[in-house]
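> Dropping in start29.txt, which is compact mmCIF, C-alpha atoms:
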```
# COMPACT_ATOMS: atom_id res chain seq x y z
CA MET A 1 -96.55 45.49 203.57
CA VAL A 2 -98.60 47.17 206.31
CA VAL A 3 -96.59 48.91 209.02
CA SER A 4 -96.85 47.81 212.65
CA LEU A 5 -99.36 49.54 214.92
CA HIS A 6 -99.11 51.17 218.31
CA MET A 7 -102.20 50.76 220.51
CA GLY A 8 -103.08 51.50 224.10
CA TRP A 9 -105.58 48.98 225.47
CA ARG A 10 -107.49 50.37 228.47
CA HIS A 11 -110.19 49.28 230.95
CA VAL A 12 -110.02 45.67 229.85
CA LEU A 13 -112.36 42.94 231.11
CA PHE A 14 -111.40 39.31 230.59
CA ALA A 15 -114.62 37.28 231.06
CA ASN A 16 -113.68 33.61 230.64
CA TRP A 17 -115.86 30.49 230.45
CA PRO A 18 -114.41 26.94 230.62
CA VAL A 19 -115.93 24.67 227.97
CA SER A 20 -115.35 21.20 226.61
CA PRO A 21 -112.66 21.07 223.90
CA ARG A 22 -115.23 19.23 221.76
CA VAL A 23 -117.24 22.47 221.56
CA LEU A 24 -114.46 24.61 220.09
CA ALA A 25 -112.19 22.29 218.11
CA PRO A 26 -114.55 22.02 215.09
CA ALA A 27 -114.70 25.83 214.80
CA LEU A 28 -110.93 26.25 214.37
CA PRO A 29 -108.71 25.99 211.28
CA ASP A 30 -107.16 22.54 210.92
CA ALA A 31 -103.64 23.97 211.16
CA VAL A 32 -104.00 25.34 214.69
CA THR A 33 -104.31 23.28 217.87
CA LEU A 34 -106.74 24.14 220.65
CA ASP A 35 -104.90 25.07 223.85
CA THR A 36 -106.35 23.87 227.14
CA TYR A 37 -105.83 24.42 230.86
CA ASP A 38 -106.59 21.55 233.25
CA GLY A 39 -108.41 19.83 230.40
CA ASN A 40 -110.70 22.77 229.63
CA ALA A 41 -110.87 24.94 226.55
CA TRP A 42 -111.91 28.55 227.16
CA LEU A 43 -114.23 31.06 225.53
CA SER A 44 -113.36 34.62 226.50
CA VAL A 45 -115.37 37.80 225.99
CA VAL A 46 -113.07 40.83 226.11
CA PRO A 47 -114.44 44.40 226.08
CA PHE A 48 -112.01 47.34 226.24
CA THR A 49 -111.10 50.58 224.51
CA ASN A 50 -108.20 51.46 222.21
CA VAL A 51 -106.39 54.74 222.83
CA ASP A 52 -103.41 56.24 221.01
CA MET A 53 -103.99 53.94 218.04
CA ARG A 54 -101.60 54.80 215.20
CA PRO A 55 -98.98 53.46 212.82
CA ARG A 56 -95.82 53.05 214.85
CA ILE A 57 -93.92 55.44 212.57
CA LEU A 58 -96.13 58.32 213.76
CA PRO A 59 -95.17 59.93 217.08
CA PHE A 60 -98.67 61.18 217.95
CA ASP A 61 -102.25 59.93 218.33
CA ILE A 62 -104.39 60.36 215.21
CA GLY A 63 -107.90 59.73 216.48
CA LEU A 64 -110.45 59.31 219.26
CA PRO A 65 -110.64 56.29 221.57
CA LEU A 66 -112.06 53.25 219.75
CA PRO A 67 -113.92 50.78 221.98
CA GLU A 68 -113.88 47.11 220.98
CA LEU A 69 -115.45 43.79 221.93
CA ASN A 70 -114.08 40.40 220.99
CA LEU A 71 -114.80 36.71 221.44
CA ARG A 72 -111.71 34.52 221.45
CA THR A 73 -110.16 31.24 222.45
CA TYR A 74 -106.60 29.97 222.95
CA VAL A 75 -104.55 27.95 220.47
CA THR A 76 -101.04 26.96 219.47
CA TYR A 77 -99.39 26.74 216.07
CA ASP A 78 -96.16 24.72 215.79
CA GLY A 79 -95.98 24.93 219.57
CA THR A 80 -96.30 28.73 219.79
CA PRO A 81 -99.28 29.84 221.91
CA GLY A 82 -101.64 32.58 220.82
CA VAL A 83 -105.20 33.84 220.58
CA TYR A 84 -107.76 32.92 217.94
CA PHE A 85 -110.58 35.43 217.40
CA PHE A 86 -114.06 34.28 216.45
CA SER A 87 -115.27 37.87 216.11
CA LEU A 88 -114.24 41.45 216.89
CA ASP A 89 -116.75 44.30 217.09
CA ALA A 90 -115.43 47.86 216.90
CA GLU A 91 -116.87 51.33 216.49
CA GLY A 92 -114.39 52.82 214.02
CA LEU A 93 -115.56 52.02 210.49
CA LEU A 94 -112.16 52.69 208.91
CA ALA A 95 -110.45 50.58 211.55
CA VAL A 96 -112.90 47.73 210.84
CA LEU A 97 -112.29 47.87 207.09
CA GLY A 98 -108.51 48.14 207.53
CA ALA A 99 -108.35 45.20 209.94
CA ARG A 100 -110.43 43.04 207.60
CA PHE A 101 -108.43 43.93 204.49
CA PHE A 102 -104.88 44.06 205.84
CA HIS A 103 -104.97 41.71 208.85
CA TYR A 104 -107.65 39.18 207.81
CA LEU A 105 -109.42 39.62 211.14
CA PRO A 106 -113.21 39.07 211.45
CA TYR A 107 -114.08 42.62 212.48
CA TYR A 108 -117.64 43.94 212.49
CA TYR A 109 -118.90 47.49 212.72
CA ALA A 110 -120.78 48.25 215.94
CA GLU A 111 -122.06 51.15 218.02
CA ILE A 112 -120.25 50.99 221.35
CA ASP A 113 -120.19 53.06 224.54
CA LEU A 114 -117.76 52.70 227.43
CA LEU A 115 -118.69 54.92 230.36
CA GLU A 116 -116.94 55.28 233.70
CA GLU A 117 -119.37 55.69 236.60
CA GLU A 118 -117.51 56.25 239.87
CA ASP A 119 -115.41 53.05 240.22
CA GLU A 120 -117.39 51.03 237.66
CA PHE A 121 -117.28 50.72 233.87
CA ARG A 122 -120.43 50.30 231.77
CA PHE A 123 -119.84 48.76 228.34
CA THR A 124 -122.63 48.49 225.78
CA SER A 125 -122.30 47.31 222.18
CA ARG A 126 -124.74 46.73 219.31
CA ARG A 127 -123.51 45.34 216.00
CA HIS A 128 -124.66 47.17 212.83
CA HIS A 129 -122.48 45.42 210.27
CA PRO A 130 -124.39 44.79 207.00
CA GLY A 131 -125.31 41.14 206.55
CA ALA A 132 -123.82 40.01 209.87
CA ARG A 133 -125.61 38.29 212.71
CA PRO A 134 -126.76 40.82 215.31
CA VAL A 135 -124.85 41.12 218.58
CA HIS A 136 -125.96 42.91 221.73
CA PHE A 137 -123.66 43.09 224.74
CA ASP A 138 -124.29 45.06 227.93
CA ALA A 139 -122.14 44.69 231.04
CA ALA A 140 -120.84 46.56 234.07
CA TYR A 141 -117.51 45.69 235.68
CA ARG A 142 -114.98 46.94 238.21
CA PRO A 143 -111.74 45.74 239.82
CA VAL A 144 -111.83 44.30 243.33
CA GLY A 145 -109.18 43.30 245.83
CA ARG A 146 -105.44 43.24 245.52
CA PRO A 147 -103.46 42.70 242.30
CA VAL A 148 -103.47 39.16 240.90
CA ARG A 149 -100.12 37.46 240.33
CA ALA A 150 -100.18 36.04 236.80
CA GLU A 151 -97.21 33.71 237.13
CA SER A 152 -96.28 31.21 234.44
CA GLY A 153 -98.35 28.04 234.78
CA THR A 154 -101.32 29.74 236.44
CA LEU A 155 -104.75 30.26 234.92
CA PRO A 156 -104.45 34.10 234.86
CA TYR A 157 -101.22 33.74 232.88
CA PHE A 158 -102.78 31.23 230.46
CA LEU A 159 -105.75 33.53 229.77
CA THR A 160 -103.94 36.85 229.41
CA GLU A 161 -100.25 36.52 228.59
CA ARG A 162 -100.54 35.81 224.87
CA TYR A 163 -98.17 37.52 222.47
CA ARG A 164 -99.47 36.34 219.11
CA TYR A 165 -102.83 36.08 217.41
CA TYR A 166 -103.77 33.72 214.60
CA THR A 167 -106.35 34.16 211.89
CA GLU A 168 -107.43 32.39 208.71
CA ALA A 169 -107.21 34.18 205.34
CA PRO A 170 -109.92 33.63 202.69
CA THR A 171 -107.49 31.27 200.93
CA GLY A 172 -107.40 29.03 204.00
CA ALA A 173 -103.85 30.05 204.93
CA VAL A 174 -103.15 30.63 208.61
CA ARG A 175 -101.65 34.03 209.37
CA HIS A 176 -100.39 35.64 212.55
CA ALA A 177 -99.16 38.87 214.08
CA GLU A 178 -96.83 39.39 217.01
CA ILE A 179 -98.09 41.51 219.93
CA GLN A 180 -95.52 43.17 222.19
CA HIS A 181 -96.50 44.52 225.61
CA ASP A 182 -95.56 44.45 229.26
CA PRO A 183 -97.24 41.85 231.48
CA TRP A 184 -100.87 42.67 232.20
CA PRO A 185 -101.58 44.32 235.57
CA LEU A 186 -104.54 42.23 236.75
CA TYR A 187 -107.24 42.31 239.39
CA ASP A 188 -110.20 40.11 240.13
CA ALA A 189 -113.35 41.70 238.75
CA GLU A 190 -116.93 42.09 239.89
CA VAL A 191 -119.07 41.74 236.77
CA THR A 192 -122.75 42.05 235.92
CA ILE A 193 -123.66 40.99 232.37
CA GLU A 194 -127.15 42.14 231.41
CA LYS A 195 -127.04 40.96 227.79
CA ASN A 196 -124.62 38.84 225.79
CA THR A 197 -125.49 37.36 222.39
CA LEU A 198 -121.89 36.91 221.24
CA PHE A 199 -121.95 33.17 221.78
CA ARG A 200 -125.12 32.64 219.75
CA ALA A 201 -123.90 34.92 216.94
CA ASN A 202 -120.79 32.74 216.61
CA GLY A 203 -122.65 29.45 216.64
CA PHE A 204 -122.05 28.46 220.27
CA ASP A 205 -124.48 27.68 223.06
CA THR A 206 -124.09 29.91 226.10
CA PRO A 207 -121.79 27.99 228.48
CA ASP A 208 -123.43 26.75 231.67
CA SER A 209 -120.08 26.85 233.49
CA GLU A 210 -119.12 29.50 236.02
CA PRO A 211 -117.00 32.26 234.43
CA VAL A 212 -113.66 33.55 235.72
CA HIS A 213 -113.24 37.34 235.57
CA PHE A 214 -110.17 39.60 235.53
CA TYR A 215 -109.84 43.35 235.06
CA SER A 216 -106.82 45.29 233.82
CA PRO A 217 -106.34 49.06 233.63
CA GLY A 218 -104.42 48.28 230.45
CA VAL A 219 -101.10 48.10 228.61
CA ASP A 220 -99.48 49.77 225.61
CA THR A 221 -98.90 47.41 222.72
CA ILE A 222 -97.08 47.10 219.41
CA ALA A 223 -98.70 44.82 216.82
CA SER A 224 -96.66 43.61 213.86
CA GLU A 225 -97.91 43.37 210.29
CA SER A 226 -99.83 40.23 209.36
CA LYS A 227 -97.53 37.34 208.41
CA ARG A 228 -98.23 34.03 206.70
CA SER A 229 -97.89 31.07 209.05
CA SER A 230 -98.70 28.31 206.56
```
Please re-express this file's structure in structure tokens.


Amino acid sequence: MVVSLHMGWRHVLFANWPVSPRVLAPALPDAVTLDTYDGNAWLSVVPFTNVDMRPRILPFDIGLPLPELNLRTYVTYDGTPGVYFFSLDAEGLLAVLGARFFHYLPYYYAEIDLLEEEDEFRFTSRRHHPGARPVHFDAAYRPVGRPVRAESGTLPYFLTERYRYYTEAPTGAVRHAEIQHDPWPLYDAEVTIEKNTLFRANGFDTPDSEPVHFYSPGVDTIASESKRSS
């Protein structure tokens, strides 16, 4: 059994595109159900950085910040909501290998930079994983306005307050992990995306819908070991 992990997720952008459920349903395991809001499914691109990433049994940080980029959607399994990842790009090679082997997550090795320039964050990522489809992502983002109230039943809550992720093992079994954290502090975000090939790399057309953006300075999280759901 793999021990649970402590992670600090910082400078998080939630870039969310509404899409037809018909686009995403065929790409999901049969055992999970696509979750929708006002009839829309959602594709979300989420860049951020991990800090203080360590097994929970250790009282101190064991490495440098590890930036990450993921493409996800929203699902339920036996009525329990969660996130389903289509891909996760990360800079730490050991972290990528560990997540693939122990947590059955579709991680890919990438070269990533997250730079803070005055009140703006510049995130760039290029995938270098052997045999994988190339991904290039380049965006700048910053928070704007007053905090957003992510109350139950609202779109911000639907897109961010998820406390479980699901993944499919090579055997076809659905697995999950529990994610504990305080509610996300959220702001609207001003975002400029210069390059984004994540959709194409995962077999999706780039949505022609207008995205919804949120920024969070971050939360500290505890992720459980991977557990079999089915």

> Using only C-alpha atoms, which residue out of A:Leu198, A:Ala173, A:Leu28, A:Val12 lies closest to Lys227 in chain A?

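Nearest candidate to Lys227 in chain A out of A:Leu198, A:Ala173, A:Leu28, A:Val12: A:Ala173.
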
> Give the answer as one residue: which of A:Ser226, A:Thr192, A:Ser125, A:Asn40 has the shortest atom-to-atom distance to Val174 in chain A, using all atoms listed in the file?

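The closest residue to Val174 in chain A is A:Ser226.
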
> Counting all atoms listed in the file, figure out which residue out of A:Tyr74, A:Pro18, A:Asp89, A:Leu13 gets nearest to Pro185 in chain A.

A:Leu13

> Env of range 19-24 of chain A: 8 Å cut, atoms = only C-alpha atoms, seq-sep filter 6 positions within chain, self excluded. Answer as a list in words.

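The residues satisfying every condition are Leu34, Thr36, Gly39, Asn40, Ala41, Trp42, Leu43, Phe204, Pro207 and Ser209 of chain A.
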
> Do a neighbour search on Tyr163 in chain A at 10 Å with all atoms listed in the file, toss out local chain neighbours closer than 5 positions, and write the hits as an mmCIF file with C-alpha atoms, in the frame of the given file.


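Below you can see around-v1.cif, which holds the result:
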```
data_model
loop_
_atom_site.group_PDB
_atom_site.id
_atom_site.type_symbol
_atom_site.label_atom_id
_atom_site.label_comp_id
_atom_site.auth_asym_id
_atom_site.auth_seq_id
_atom_site.Cartn_x
_atom_site.Cartn_y
_atom_site.Cartn_z
ATOM 1 C CA THR A 80 -96.300 28.730 219.790
ATOM 2 C CA PRO A 81 -99.280 29.840 221.910
ATOM 3 C CA GLY A 82 -101.640 32.580 220.820
ATOM 4 C CA VAL A 83 -105.200 33.840 220.580
ATOM 5 C CA ALA A 177 -99.160 38.870 214.080
ATOM 6 C CA GLU A 178 -96.830 39.390 217.010
ATOM 7 C CA ILE A 179 -98.090 41.510 219.930
ATOM 8 C CA GLN A 180 -95.520 43.170 222.190
ATOM 9 C CA HIS A 181 -96.500 44.520 225.610
ATOM 10 C CA THR A 221 -98.900 47.410 222.720
ATOM 11 C CA ALA A 223 -98.700 44.820 216.820
#
```

> Quick one: pull the distance between CA of Tyr84 in chain A and CA of Leu71 in chain A, Å, one decimal.

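These two atoms are separated by 8.7 Å.
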
> Report, in Å with one decimal, the straight-line distance from CA of Leu186 in chain A to CA of Val46 in chain A.

13.7 Å

> Report the distance between CA of Ala90 in chain A and CA of Asn50 in chain A in Å, rounded to one decimal place.

9.7 Å

> Here is a test: counting only C-alpha atoms, which residue of A:Gly172, A:Pro183, A:Pro130, A:Gly8 is nearest to Ser152 in chain A?

A:Pro183

> Using only C-alpha atoms, which of A:Tyr157, A:Tyr215, A:Phe48, A:Trp9 sits nearest Phe123 in chain A?

A:Phe48

> Smallest atom-to-atom distance to Glu120 in chain A: which of A:Leu155, A:Ala139, A:Gly203, A:Ala169, using only C-alpha atoms?

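Looking only at the distances to Glu120 in chain A, the closest residue turns out to be A:Ala139.
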
> Using only C-alpha atoms, collect all residues at a distance of at most 12 Å from (-118.1, 50.6, 237.8) as written in the file, then present them as a PyMOL selection string.

chain A and resi 11+13+114-123+139-144+189-192+215

> Calculate, to one decimal in Å, the centre and edge lengths of the box along x, y and z of the file that holds all listed atoms of range 196-202 of chain A with 3 Å of margin on each side, and present them as AutoDock Vina command-line options.


```
--center_x -123.1 --center_y 35.7 --center_z 221.2 --size_x 10.7 --size_y 12.2 --size_z 15.2
```
